[in-house]
$ cat model.tsv   # TSV, C-alpha atoms and all ligand atoms
chain	number	residue	atom	x	y	z
U	1	MET	CA	0.00	0.00	0.00
U	2	LEU	CA	1.27	3.49	-0.90
U	3	THR	CA	1.83	6.10	1.76
U	4	LYS	CA	0.53	9.67	1.22
U	5	GLU	CA	4.11	10.67	0.36
U	6	GLY	CA	4.38	7.83	-2.15
U	7	GLU	CA	1.08	8.74	-3.81
U	8	ARG	CA	2.18	12.33	-4.18
U	9	SER	CA	5.48	11.44	-5.81
U	10	MET	CA	3.73	8.97	-8.15
U	11	HIS	CA	1.27	11.70	-9.11
U	12	PHE	CA	4.18	14.06	-9.74
U	13	ARG	CA	5.94	11.49	-11.98
U	14	LYS	CA	2.74	11.05	-14.02
U	15	LEU	CA	2.53	14.82	-14.49
U	16	LEU	CA	6.17	14.90	-15.62
U	17	LEU	CA	5.50	12.11	-18.12
U	18	LEU	CA	2.44	13.96	-19.48
U	19	ALA	CA	4.42	17.20	-19.79
U	20	PHE	CA	7.17	15.32	-21.65
U	21	LEU	CA	4.69	13.69	-24.04
U	22	PHE	CA	3.00	17.02	-24.71
U	23	SER	CA	6.30	18.75	-25.47
U	24	CYS	CA	7.04	16.02	-28.05
U	25	LEU	CA	3.62	16.31	-29.70
U	26	ALA	CA	3.09	20.05	-29.35
U	27	PRO	CA	5.06	21.19	-32.43
U	28	ASN	CA	2.87	18.97	-34.64
U	29	LEU	CA	-0.30	20.00	-32.87
U	30	LEU	CA	0.64	23.64	-33.29
U	31	THR	CA	1.38	23.41	-37.02
U	32	ALA	CA	-1.64	21.22	-37.85
U	33	GLY	CA	-4.42	23.44	-39.14
U	34	THR	CA	-2.21	26.38	-40.01
U	35	LEU	CA	-2.29	28.06	-43.41
U	36	LYS	CA	1.13	28.68	-44.92
U	37	VAL	CA	2.25	30.86	-47.81
U	38	TYR	CA	5.80	30.48	-49.14
U	39	TRP	CA	7.54	32.86	-51.52
U	40	ILE	CA	10.10	30.85	-53.44
U	41	ASP	CA	13.00	32.79	-54.93
U	42	ALA	CA	12.53	32.79	-58.71
U	43	GLU	CA	15.05	35.65	-59.15
U	44	GLY	CA	12.50	38.28	-60.10
U	45	GLY	CA	9.90	35.79	-61.33
U	46	ALA	CA	6.92	34.54	-59.33
U	47	ALA	CA	6.37	31.25	-57.48
U	48	THR	CA	4.03	31.49	-54.48
U	49	LEU	CA	3.04	28.29	-52.70
U	50	VAL	CA	0.00	28.08	-50.45
U	51	VAL	CA	-0.32	25.04	-48.18
U	52	THR	CA	-3.82	24.77	-46.76
U	53	PRO	CA	-4.89	23.63	-43.28
U	54	ALA	CA	-6.30	20.49	-44.97
U	55	GLY	CA	-2.86	19.74	-46.43
U	56	GLU	CA	-3.46	20.72	-50.06
U	57	SER	CA	-0.93	22.66	-52.11
U	58	ILE	CA	-1.73	25.56	-54.42
U	59	LEU	CA	1.14	26.90	-56.49
U	60	ILE	CA	0.64	30.30	-58.08
U	61	ASP	CA	3.12	30.69	-60.96
U	62	THR	CA	6.16	28.61	-61.72
U	63	GLY	CA	9.11	30.98	-62.21
U	64	ASN	CA	11.32	30.75	-65.30
U	65	PRO	CA	12.03	27.70	-67.47
U	66	GLY	CA	15.16	25.62	-66.83
U	67	GLU	CA	16.53	23.83	-63.79
U	68	ARG	CA	16.79	26.62	-61.26
U	69	ASP	CA	13.24	27.78	-60.54
U	70	PRO	CA	11.39	24.46	-61.04
U	71	GLY	CA	14.18	22.82	-58.98
U	72	ARG	CA	13.72	25.28	-56.10
U	73	ILE	CA	9.92	24.89	-56.20
U	74	ASN	CA	10.11	21.08	-56.19
U	75	LYS	CA	12.64	21.08	-53.33
U	76	LEU	CA	10.57	23.41	-51.18
U	77	ILE	CA	7.33	21.49	-51.70
U	78	ARG	CA	8.98	18.19	-50.80
U	79	GLU	CA	11.39	19.26	-48.06
U	80	GLU	CA	9.70	22.23	-46.36
U	81	ALA	CA	6.02	21.48	-46.94
U	82	GLY	CA	6.48	17.69	-46.86
U	83	LEU	CA	4.17	17.18	-49.88
U	84	SER	CA	4.69	15.32	-53.15
U	85	ILE	CA	1.99	16.79	-55.40
U	86	ILE	CA	0.80	20.20	-56.55
U	87	ASP	CA	-2.96	19.83	-56.14
U	88	HIS	CA	-3.77	23.15	-57.82
U	89	LEU	CA	-1.46	25.06	-60.17
U	90	VAL	CA	-2.58	28.57	-61.11
U	91	VAL	CA	-0.74	30.24	-63.99
U	92	THR	CA	-1.61	33.93	-63.76
U	93	HIS	CA	-0.52	35.05	-67.24
U	94	PHE	CA	1.72	34.14	-70.13
U	95	ASP	CA	4.95	35.92	-69.28
U	96	ARG	CA	7.99	33.66	-69.03
U	97	ASP	CA	8.76	34.45	-65.39
U	98	HIS	CA	5.26	33.15	-64.46
U	99	TYR	CA	4.25	30.30	-66.81
U	100	GLY	CA	7.80	29.50	-68.01
U	101	GLY	CA	8.74	26.90	-65.39
U	102	ALA	CA	5.49	24.90	-65.63
U	103	ALA	CA	6.56	22.28	-68.20
U	104	ASP	CA	9.91	21.59	-66.49
U	105	LEU	CA	8.20	21.46	-63.10
U	106	SER	CA	5.69	18.86	-64.35
U	107	LYS	CA	8.65	16.50	-64.93
U	108	LEU	CA	9.73	16.83	-61.29
U	109	ILE	CA	6.41	16.59	-59.44
U	110	SER	CA	2.82	15.55	-60.20
U	111	ILE	CA	0.35	18.29	-61.00
U	112	GLY	CA	-3.37	17.98	-60.23
U	113	THR	CA	-5.44	20.71	-61.89
U	114	LEU	CA	-3.84	23.43	-63.99
U	115	TYR	CA	-5.84	26.67	-64.06
U	116	ASP	CA	-5.11	29.49	-66.49
U	117	GLN	CA	-6.86	32.05	-68.69
U	118	GLY	CA	-7.10	29.58	-71.61
U	119	VAL	CA	-4.56	29.67	-74.41
U	120	ARG	CA	-6.02	31.87	-77.13
U	121	PRO	CA	-4.98	31.13	-80.74
U	122	GLN	CA	-2.71	34.18	-80.74
U	123	ASP	CA	-0.90	32.92	-77.61
U	124	ARG	CA	-0.20	29.34	-78.77
U	125	ALA	CA	3.19	30.09	-80.28
U	126	ARG	CA	4.12	32.19	-77.25
U	127	VAL	CA	3.47	29.49	-74.64
U	128	GLY	CA	4.81	26.69	-76.89
U	129	GLU	CA	4.18	22.95	-77.20
U	130	ALA	CA	5.80	22.11	-73.85
U	131	TYR	CA	3.20	24.17	-71.97
U	132	LEU	CA	0.27	23.09	-74.18
U	133	ASN	CA	1.07	19.41	-73.61
U	134	LEU	CA	2.35	19.35	-70.05
U	135	GLU	CA	1.19	16.45	-67.94
U	136	CYS	CA	-1.51	17.17	-65.37
U	137	GLU	CA	-4.75	15.57	-64.24
U	138	ALA	CA	-7.04	18.31	-65.54
U	139	ARG	CA	-7.01	21.78	-67.09
U	140	LEU	CA	-9.55	24.49	-66.29
U	141	VAL	CA	-10.04	28.00	-67.65
U	142	LEU	CA	-10.73	30.62	-64.99
U	143	THR	CA	-13.30	33.39	-65.20
U	144	PRO	CA	-14.11	36.22	-62.75
U	145	GLY	CA	-16.09	34.94	-59.74
U	146	ASP	CA	-14.64	31.42	-59.84
U	147	GLU	CA	-13.71	29.80	-56.54
U	148	LEU	CA	-10.99	27.13	-56.38
U	149	PRO	CA	-12.45	23.83	-55.09
U	150	LEU	CA	-10.40	23.52	-51.90
U	151	LYS	CA	-10.67	20.82	-49.25
U	152	GLN	CA	-11.59	22.19	-45.83
U	153	SER	CA	-10.04	21.19	-42.52
U	154	ALA	CA	-12.28	19.66	-39.86
U	155	ASN	CA	-11.74	22.54	-37.44
U	156	GLY	CA	-11.04	26.17	-38.10
U	157	PRO	CA	-12.67	28.73	-40.36
U	158	LYS	CA	-13.49	28.25	-44.05
U	159	LEU	CA	-10.67	28.74	-46.54
U	160	THR	CA	-11.57	30.30	-49.89
U	161	ALA	CA	-9.60	31.34	-52.96
U	162	ASN	CA	-11.66	33.54	-55.28
U	163	VAL	CA	-10.86	34.89	-58.71
U	164	LEU	CA	-11.66	38.62	-58.57
U	165	GLY	CA	-10.51	39.25	-62.12
U	166	ILE	CA	-8.77	37.83	-65.17
U	167	LEU	CA	-8.16	38.95	-68.77
U	168	GLN	CA	-9.01	42.54	-67.78
U	169	ARG	CA	-12.48	41.63	-66.54
U	170	ASN	CA	-13.43	41.87	-62.86
U	171	ILE	CA	-16.28	40.51	-60.79
U	172	GLN	CA	-19.40	42.69	-60.66
U	173	PRO	CA	-19.98	44.61	-57.43
U	174	ASN	CA	-22.70	43.11	-55.25
U	175	GLY	CA	-24.43	44.25	-52.07
U	176	LEU	CA	-21.37	43.29	-50.00
U	177	HIS	CA	-18.99	45.66	-51.80
U	178	GLN	CA	-18.70	49.19	-50.49
U	179	PRO	CA	-18.18	52.33	-52.55
U	180	ASN	CA	-14.53	53.20	-51.96
U	181	PRO	CA	-14.30	55.90	-49.26
U	182	VAL	CA	-10.64	56.69	-50.11
U	183	PRO	CA	-10.76	59.69	-52.47
U	184	SER	CA	-9.10	58.98	-55.82
U	185	SER	CA	-8.53	62.64	-56.68
U	186	GLY	CA	-4.87	63.50	-56.71
U	187	TYR	CA	-3.85	60.05	-58.00
U	188	SER	CA	-2.81	59.88	-61.64
U	189	ARG	CA	-3.47	57.43	-64.50
U	190	LYS	CA	-0.74	55.89	-66.64
U	191	GLU	CA	-0.49	54.85	-70.32
U	192	PRO	CA	-2.78	51.91	-71.24
U	193	ASP	CA	-1.04	48.53	-70.69
U	194	LEU	CA	-1.04	46.45	-73.90
U	195	SER	CA	1.19	43.70	-72.43
U	196	HIS	CA	0.27	40.28	-71.04
U	197	ASN	CA	0.60	41.66	-67.51
U	198	ALA	CA	-2.82	43.29	-67.92
U	199	ASN	CA	-4.38	39.80	-68.23
U	200	SER	CA	-3.17	38.61	-64.80
U	201	VAL	CA	-5.36	36.47	-62.58
U	202	ILE	CA	-6.35	38.32	-59.40
U	203	LEU	CA	-6.67	35.81	-56.56
U	204	LEU	CA	-7.95	36.59	-53.06
U	205	PHE	CA	-7.46	34.03	-50.28
U	206	GLU	CA	-9.56	34.28	-47.14
U	207	TYR	CA	-9.23	32.23	-43.98
U	208	GLY	CA	-11.43	33.56	-41.19
U	209	ASP	CA	-10.39	37.19	-40.73
U	210	PHE	CA	-7.19	36.68	-42.71
U	211	GLN	CA	-6.92	37.89	-46.32
U	212	PHE	CA	-4.08	37.50	-48.81
U	213	LEU	CA	-4.10	39.12	-52.26
U	214	ASP	CA	-1.99	37.86	-55.18
U	215	ALA	CA	-2.75	39.93	-58.29
U	216	ALA	CA	0.43	38.84	-60.11
U	217	ASP	CA	1.59	41.57	-62.53
U	218	LEU	CA	-1.62	43.58	-62.72
U	219	SER	CA	-0.78	47.10	-63.86
U	220	TRP	CA	-1.62	50.63	-62.70
U	221	ASN	CA	-4.91	51.51	-64.45
U	222	LEU	CA	-6.36	48.02	-63.95
U	223	GLU	CA	-5.55	48.16	-60.24
U	224	GLU	CA	-7.69	51.31	-60.17
U	225	TYR	CA	-10.73	49.42	-61.58
U	226	LEU	CA	-10.40	46.95	-58.70
U	227	VAL	CA	-11.02	49.68	-56.12
U	228	SER	CA	-13.02	52.32	-58.04
U	229	PRO	CA	-15.82	53.13	-57.72
U	230	TYR	CA	-16.39	50.00	-55.58
U	231	ASN	CA	-13.64	48.35	-53.59
U	232	LEU	CA	-13.93	44.78	-54.94
U	233	VAL	CA	-11.00	43.57	-52.80
U	234	GLY	CA	-11.79	45.06	-49.41
U	235	GLU	CA	-8.92	45.46	-46.96
U	236	VAL	CA	-6.26	42.75	-46.82
U	237	ASP	CA	-3.74	41.54	-44.27
U	238	VAL	CA	-1.04	40.47	-46.69
U	239	TYR	CA	-0.41	41.93	-50.15
U	240	GLN	CA	1.98	40.29	-52.59
U	241	VAL	CA	3.33	43.48	-54.12
U	242	ASP	CA	2.14	43.58	-57.73
U	243	HIS	CA	4.58	43.02	-60.57
U	244	HIS	CA	7.66	42.41	-58.39
U	245	GLY	CA	7.47	46.00	-57.11
U	246	LEU	CA	7.75	47.73	-60.49
U	247	ASP	CA	6.37	51.26	-60.79
U	248	ARG	CA	4.24	50.33	-63.84
U	249	SER	CA	2.05	48.70	-61.20
U	250	ASN	CA	1.33	49.55	-57.56
U	251	ASN	CA	-1.08	52.41	-58.05
U	252	THR	CA	-0.91	54.39	-54.81
U	253	HIS	CA	-4.70	54.77	-54.58
U	254	PHE	CA	-5.11	51.01	-54.96
U	255	ILE	CA	-2.57	50.23	-52.21
U	256	HIS	CA	-4.07	52.80	-49.84
U	257	SER	CA	-7.55	51.36	-50.50
U	258	ILE	CA	-6.69	47.72	-49.79
U	259	LYS	CA	-4.64	48.86	-46.75
U	260	PRO	CA	-2.30	45.88	-46.29
U	261	THR	CA	-0.68	45.27	-42.90
U	262	VAL	CA	2.18	43.34	-44.48
U	263	ALA	CA	3.58	43.63	-48.02
U	264	VAL	CA	5.79	40.94	-49.57
U	265	MET	CA	7.74	41.92	-52.68
U	266	ASN	CA	9.06	39.15	-54.96
U	267	ASN	CA	11.65	41.44	-56.50
U	268	ALA	CA	15.16	40.73	-57.82
U	269	HIS	CA	18.38	42.58	-57.05
U	270	LYS	CA	17.85	44.96	-59.96
U	271	LYS	CA	14.15	44.39	-60.74
U	272	GLY	CA	11.27	45.97	-58.88
U	273	THR	CA	11.65	47.87	-55.58
U	274	GLY	CA	10.47	50.92	-57.57
U	275	PRO	CA	10.70	54.30	-55.80
U	276	GLN	CA	7.00	55.10	-56.38
U	277	THR	CA	5.97	51.60	-55.21
U	278	VAL	CA	8.05	51.82	-52.05
U	279	ALA	CA	6.75	55.34	-51.31
U	280	GLY	CA	3.15	54.12	-51.82
U	281	LEU	CA	3.68	51.18	-49.47
U	282	ARG	CA	5.47	53.18	-46.77
U	283	SER	CA	2.75	55.85	-46.73
U	284	SER	CA	-0.11	53.33	-46.75
U	285	PRO	CA	-2.39	53.65	-43.70
U	286	GLY	CA	-2.03	50.58	-41.48
U	287	ILE	CA	1.16	49.20	-43.05
U	288	GLU	CA	3.33	47.51	-40.40
U	289	ALA	CA	6.05	45.80	-42.42
U	290	ILE	CA	7.49	45.34	-45.90
U	291	TYR	CA	9.38	42.14	-46.78
U	292	GLN	CA	11.58	41.54	-49.82
U	293	ILE	CA	12.87	38.41	-51.53
U	294	HIS	CA	16.01	40.30	-52.58
U	295	LYS	CA	17.97	43.28	-51.44
U	296	CYS	CA	17.88	46.02	-54.05
U	297	THR	CA	21.49	46.52	-55.17
U	298	ARG	CA	20.95	49.27	-57.75
U	299	GLU	CA	23.49	52.02	-57.16
U	300	GLY	CA	22.22	54.92	-55.08
U	301	GLU	CA	18.91	53.17	-54.28
U	302	GLY	CA	19.80	51.36	-51.07
U	303	HIS	CA	17.35	53.63	-49.21
U	304	LEU	CA	14.49	51.79	-50.93
U	305	ASN	CA	15.27	48.57	-49.02
U	306	THR	CA	13.35	47.46	-45.98
U	307	HIS	CA	15.17	46.44	-42.77
U	308	GLU	CA	17.83	43.84	-43.62
U	309	ASP	CA	16.28	41.21	-41.30
U	310	LYS	CA	13.16	41.28	-43.49
U	311	ILE	CA	15.04	40.44	-46.70
U	312	ALA	CA	15.38	36.77	-47.75
U	313	ASN	CA	18.47	37.18	-49.97
U	314	LEU	CA	21.27	39.73	-49.55
U	315	LYS	CA	23.73	38.39	-52.14
U	316	SER	CA	23.22	38.83	-55.88
U	317	GLY	CA	23.91	36.85	-59.04
U	318	ASP	CA	25.51	33.42	-58.72
U	319	ALA	CA	26.24	34.08	-55.04
U	320	CYS	CA	22.48	34.25	-54.29
U	321	ASP	CA	21.42	31.42	-51.96
U	322	GLY	CA	17.83	31.26	-53.28
U	323	ASN	CA	16.27	31.62	-49.82
U	324	HIS	CA	12.52	31.70	-49.36
U	325	LEU	CA	10.35	33.41	-46.78
U	326	PHE	CA	6.94	32.34	-45.53
U	327	ILE	CA	3.93	33.28	-43.49
U	328	SER	CA	2.11	30.99	-41.11
U	329	VAL	CA	-1.50	31.81	-40.22
U	330	ALA	CA	-2.81	30.46	-36.90
U	331	ALA	CA	-5.46	27.73	-37.10
U	332	ASP	CA	-8.15	30.18	-35.95
U	333	GLY	CA	-7.15	32.80	-38.56
U	334	GLU	CA	-6.68	35.43	-35.82
U	335	SER	CA	-2.93	36.00	-36.13
U	336	TYR	CA	0.04	35.17	-38.34
U	337	THR	CA	3.79	35.29	-38.40
U	338	VAL	CA	6.14	36.25	-41.22
U	339	ASN	CA	9.31	34.17	-41.13
U	340	VAL	CA	12.64	34.91	-42.78
U	341	PRO	CA	14.70	31.74	-42.21
U	342	ARG	CA	17.95	33.41	-43.39
U	343	SER	CA	17.91	36.02	-40.63
U	344	GLY	CA	15.79	34.15	-38.08
U	345	HIS	CA	13.33	37.06	-38.10
U	346	VAL	CA	9.79	36.21	-37.01
U	347	GLY	CA	7.30	39.08	-37.28
U	348	LYS	CA	4.02	38.66	-35.41
U	349	TYR	CA	0.81	40.26	-36.65
U	350	LYS	CA	-2.88	40.25	-35.79
U	351	THR	CA	-5.46	39.82	-38.54
U	352	ARG	CA	-7.98	42.59	-39.01
F	401	ZN	ZN	6.54	38.95	-63.60

$ encode --input "model.tsv" --output "structure tokens"
Amino acid sequence: MLTKEGERSMHFRKLLLLAFLFSCLAPNLLTAGTLKVYWIDAEGGAATLVVTPAGESILIDTGNPGERDPGRINKLIREEAGLSIIDHLVVTHFDRDHYGGAADLSKLISIGTLYDQGVRPQDRARVGEAYLNLECEARLVLTPGDELPLKQSANGPKLTANVLGILQRNIQPNGLHQPNPVPSSGYSRKEPDLSHNANSVILLFEYGDFQFLDAADLSWNLEEYLVSPYNLVGEVDVYQVDHHGLDRSNNTHFIHSIKPTVAVMNNAHKKGTGPQTVAGLRSSPGIEAIYQIHKCTREGEGHLNTHEDKIANLKSGDACDGNHLFISVAADGESYTVNVPRSGHVGKYKTR
């Protein structure tokens, strides 16, 4: 028979064992149900990977053709995300730094559904046979108002990914959209954009109170139509800076209307990080942090860089390590962190 003393020490040992077991399991418990977004370094191209709380992968754009970008994407999906398939691949438009890596990537990893704007006859030669014939389970053409068919996790809020616009057509305002209260007077227009950038897919992710906008390379005047006269986007937590941070995009009125808390710029050492873009982001009401994939190394423009801890890659050219950065949204959608593995920086933010 145990004495009182003996019972107490047995109880204490049980508690210790429980605490030990919990500390082993806790990291998995804490990451299960989170939403992650990774920005893979495509050296001035785009490759954004979303891993959903239900464990699906959505890749938005594939970087450039060749070994480098598809190789980095494949490695990150397998080694960081621990997945072996791209369930949904969204190609936002037919510029090389976005669709270019798709065919090479399909040889490295299985692709579920490929979504794009549809290859029009005039674009067939541009995208080439490799893209037209790449191996995937299904191909779908997106139109404004489409919602990607995503699996939902058992707990946690609903995750949606909606197409707000594509091929220069946006969703129609409905009763939920507000007339934009941010005055547009004082903001200029630019020359019409006749390039493929204008056709970009505009994709809005929502997970509870968390919103993430990826509008690819949408350009200045078209950004205006997204927020005038109705704000079709609303306010977002995280904004992937349009067009790698080039000043042909990133209309100041648009940025100030969607009011991001965090901006992530998939720039290159000499591409993007435009002075007007950076000024528009820094003056945006509610902005808390700007992150960059690369440090801008253009001479005399070092002042455009964010804090060095918030930059994934400091070295340029062949010396570039190809580091990624990622956000992790809590299972309840109430908060998120932005992580820069190179520097160890972890920024903590509340969703709005
Ligand atoms: Zn681009």

$ residues_near_ligand --input "model.tsv" --ligand "ligand ZN 401 (chain F)" --cutoff "8 Å" --atoms "all atoms listed in the file" --output "PyMOL selection string"
chain U and resi 44-46+95-98+197+216-217+243-244

$ closest_residue --input "model.tsv" --among "U:Ala279, U:Ala319, U:Met265, U:Val90" --to "Cys296 in chain U" --atoms "all atoms listed in the file"
U:Met265

$ residues_around --input "model.tsv" --residues "range 335-339 of chain U" --least-positions-apart "6" --cutoff "8 Å" --atoms "only C-alpha atoms" --output "PyMOL selection string"
chain U and resi 210+325-329+345-351

$ atom_distance --input "model.tsv" --atom1 "CA of Lys190 in chain U" --atom2 "CA of Thr261 in chain U"
26.0 Å

$ closest_residue --input "model.tsv" --among "U:Leu140, U:Ala330, U:Leu59, U:Leu167" --to "Asp214 in chain U" --atoms "all atoms listed in the file"
U:Leu59

$ closest_residue --input "model.tsv" --among "U:Gly302, U:Gly274, U:Gly280, U:Pro144" --to "Leu203 in chain U" --atoms "all atoms listed in the file"
U:Pro144

$ atom_distance --input "model.tsv" --atom1 "CA of Leu35 in chain U" --atom2 "CA of Asp237 in chain U"
13.6 Å

$ residues_near_point --input "model.tsv" --point "(4.8, 21.4, -74.2)" --cutoff "12 Å" --atoms "only C-alpha atoms" --output "PyMOL selection string"
chain U and resi 65+99-107+124-136

$ atom_distance --input "model.tsv" --atom1 "CA of Thr277 in chain U" --atom2 "CA of Tyr239 in chain U"
12.6 Å

$ closest_residue --input "model.tsv" --among "U:Leu49, U:Ala42, U:Val278, U:Val91" --to "Tyr115 in chain U" --atoms "all atoms listed in the file"
U:Val91

$ closest_residue --input "model.tsv" --among "U:Asn155, U:Ser249, U:Asn231, U:Thr160" --to "Gln172 in chain U" --atoms "only C-alpha atoms"
U:Asn231

$ closest_residue --input "model.tsv" --among "U:Gly300, U:Gly145, U:Pro53, U:Gly286" --to "Ile202 in chain U" --atoms "all atoms listed in the file"
U:Gly145

$ axis_aligned_box --input "model.tsv" --around "range 271-275 of chain U" --padding-each-side "3 Å" --output "lines of an AutoDock Vina configuration file"
center_x = 12.3
center_y = 49.3
center_z = -58.2
size_x = 9.7
size_y = 15.9
size_z = 11.2

$ decode --input "model.tsv" --residues "range 225-238 of chain U" --atoms "N, CA, C and O atoms" --output "CSV table (one decimal), in the first residue's frame"
chain,number,residue,atom,x,y,z
U,225,TYR,N,-9.4,50.0,-61.4
U,225,TYR,CA,-10.7,49.4,-61.6
U,225,TYR,C,-11.1,48.4,-60.5
U,225,TYR,O,-12.3,48.2,-60.2
U,226,LEU,N,-10.1,47.9,-59.8
U,226,LEU,CA,-10.4,46.9,-58.7
U,226,LEU,C,-10.9,47.7,-57.5
U,226,LEU,O,-11.6,47.1,-56.6
U,227,VAL,N,-10.6,49.0,-57.3
U,227,VAL,CA,-11.0,49.7,-56.1
U,227,VAL,C,-11.9,50.9,-56.4
U,227,VAL,O,-12.3,51.6,-55.5
U,228,SER,N,-12.2,51.2,-57.7
U,228,SER,CA,-13.0,52.3,-58.0
U,228,SER,C,-14.1,51.9,-59.0
U,228,SER,O,-13.7,51.3,-60.0
U,229,PRO,N,-15.3,52.4,-58.9
U,229,PRO,CA,-15.8,53.1,-57.7
U,229,PRO,C,-16.0,52.2,-56.5
U,229,PRO,O,-16.1,52.7,-55.4
U,230,TYR,N,-16.2,50.9,-56.7
U,230,TYR,CA,-16.4,50.0,-55.6
U,230,TYR,C,-15.1,49.3,-55.3
U,230,TYR,O,-14.3,49.0,-56.2
U,231,ASN,N,-14.8,49.1,-54.0
U,231,ASN,CA,-13.6,48.3,-53.6
U,231,ASN,C,-14.0,46.9,-53.6
U,231,ASN,O,-14.7,46.3,-52.7
U,232,LEU,N,-13.6,46.2,-54.7
U,232,LEU,CA,-13.9,44.8,-54.9
U,232,LEU,C,-13.0,43.8,-54.1
U,232,LEU,O,-13.3,42.7,-54.0
U,233,VAL,N,-11.9,44.4,-53.6
U,233,VAL,CA,-11.0,43.6,-52.8
U,233,VAL,C,-11.3,43.6,-51.3
U,233,VAL,O,-11.3,42.6,-50.6
U,234,GLY,N,-11.7,44.8,-50.9
U,234,GLY,CA,-11.8,45.1,-49.4
U,234,GLY,C,-10.4,45.4,-48.9
U,234,GLY,O,-9.5,45.7,-49.6
U,235,GLU,N,-10.2,45.2,-47.6
U,235,GLU,CA,-8.9,45.5,-47.0
U,235,GLU,C,-8.3,44.1,-46.7
U,235,GLU,O,-8.9,43.1,-46.4
U,236,VAL,N,-7.0,44.0,-46.9
U,236,VAL,CA,-6.3,42.7,-46.8
U,236,VAL,C,-5.2,42.8,-45.7
U,236,VAL,O,-4.7,43.9,-45.4
U,237,ASP,N,-4.8,41.6,-45.2
U,237,ASP,CA,-3.7,41.5,-44.3
U,237,ASP,C,-2.4,41.5,-45.0
U,237,ASP,O,-1.5,42.3,-44.7
U,238,VAL,N,-2.3,40.6,-46.0
U,238,VAL,CA,-1.0,40.5,-46.7
U,238,VAL,C,-1.2,40.7,-48.2
U,238,VAL,O,-2.2,40.2,-48.8
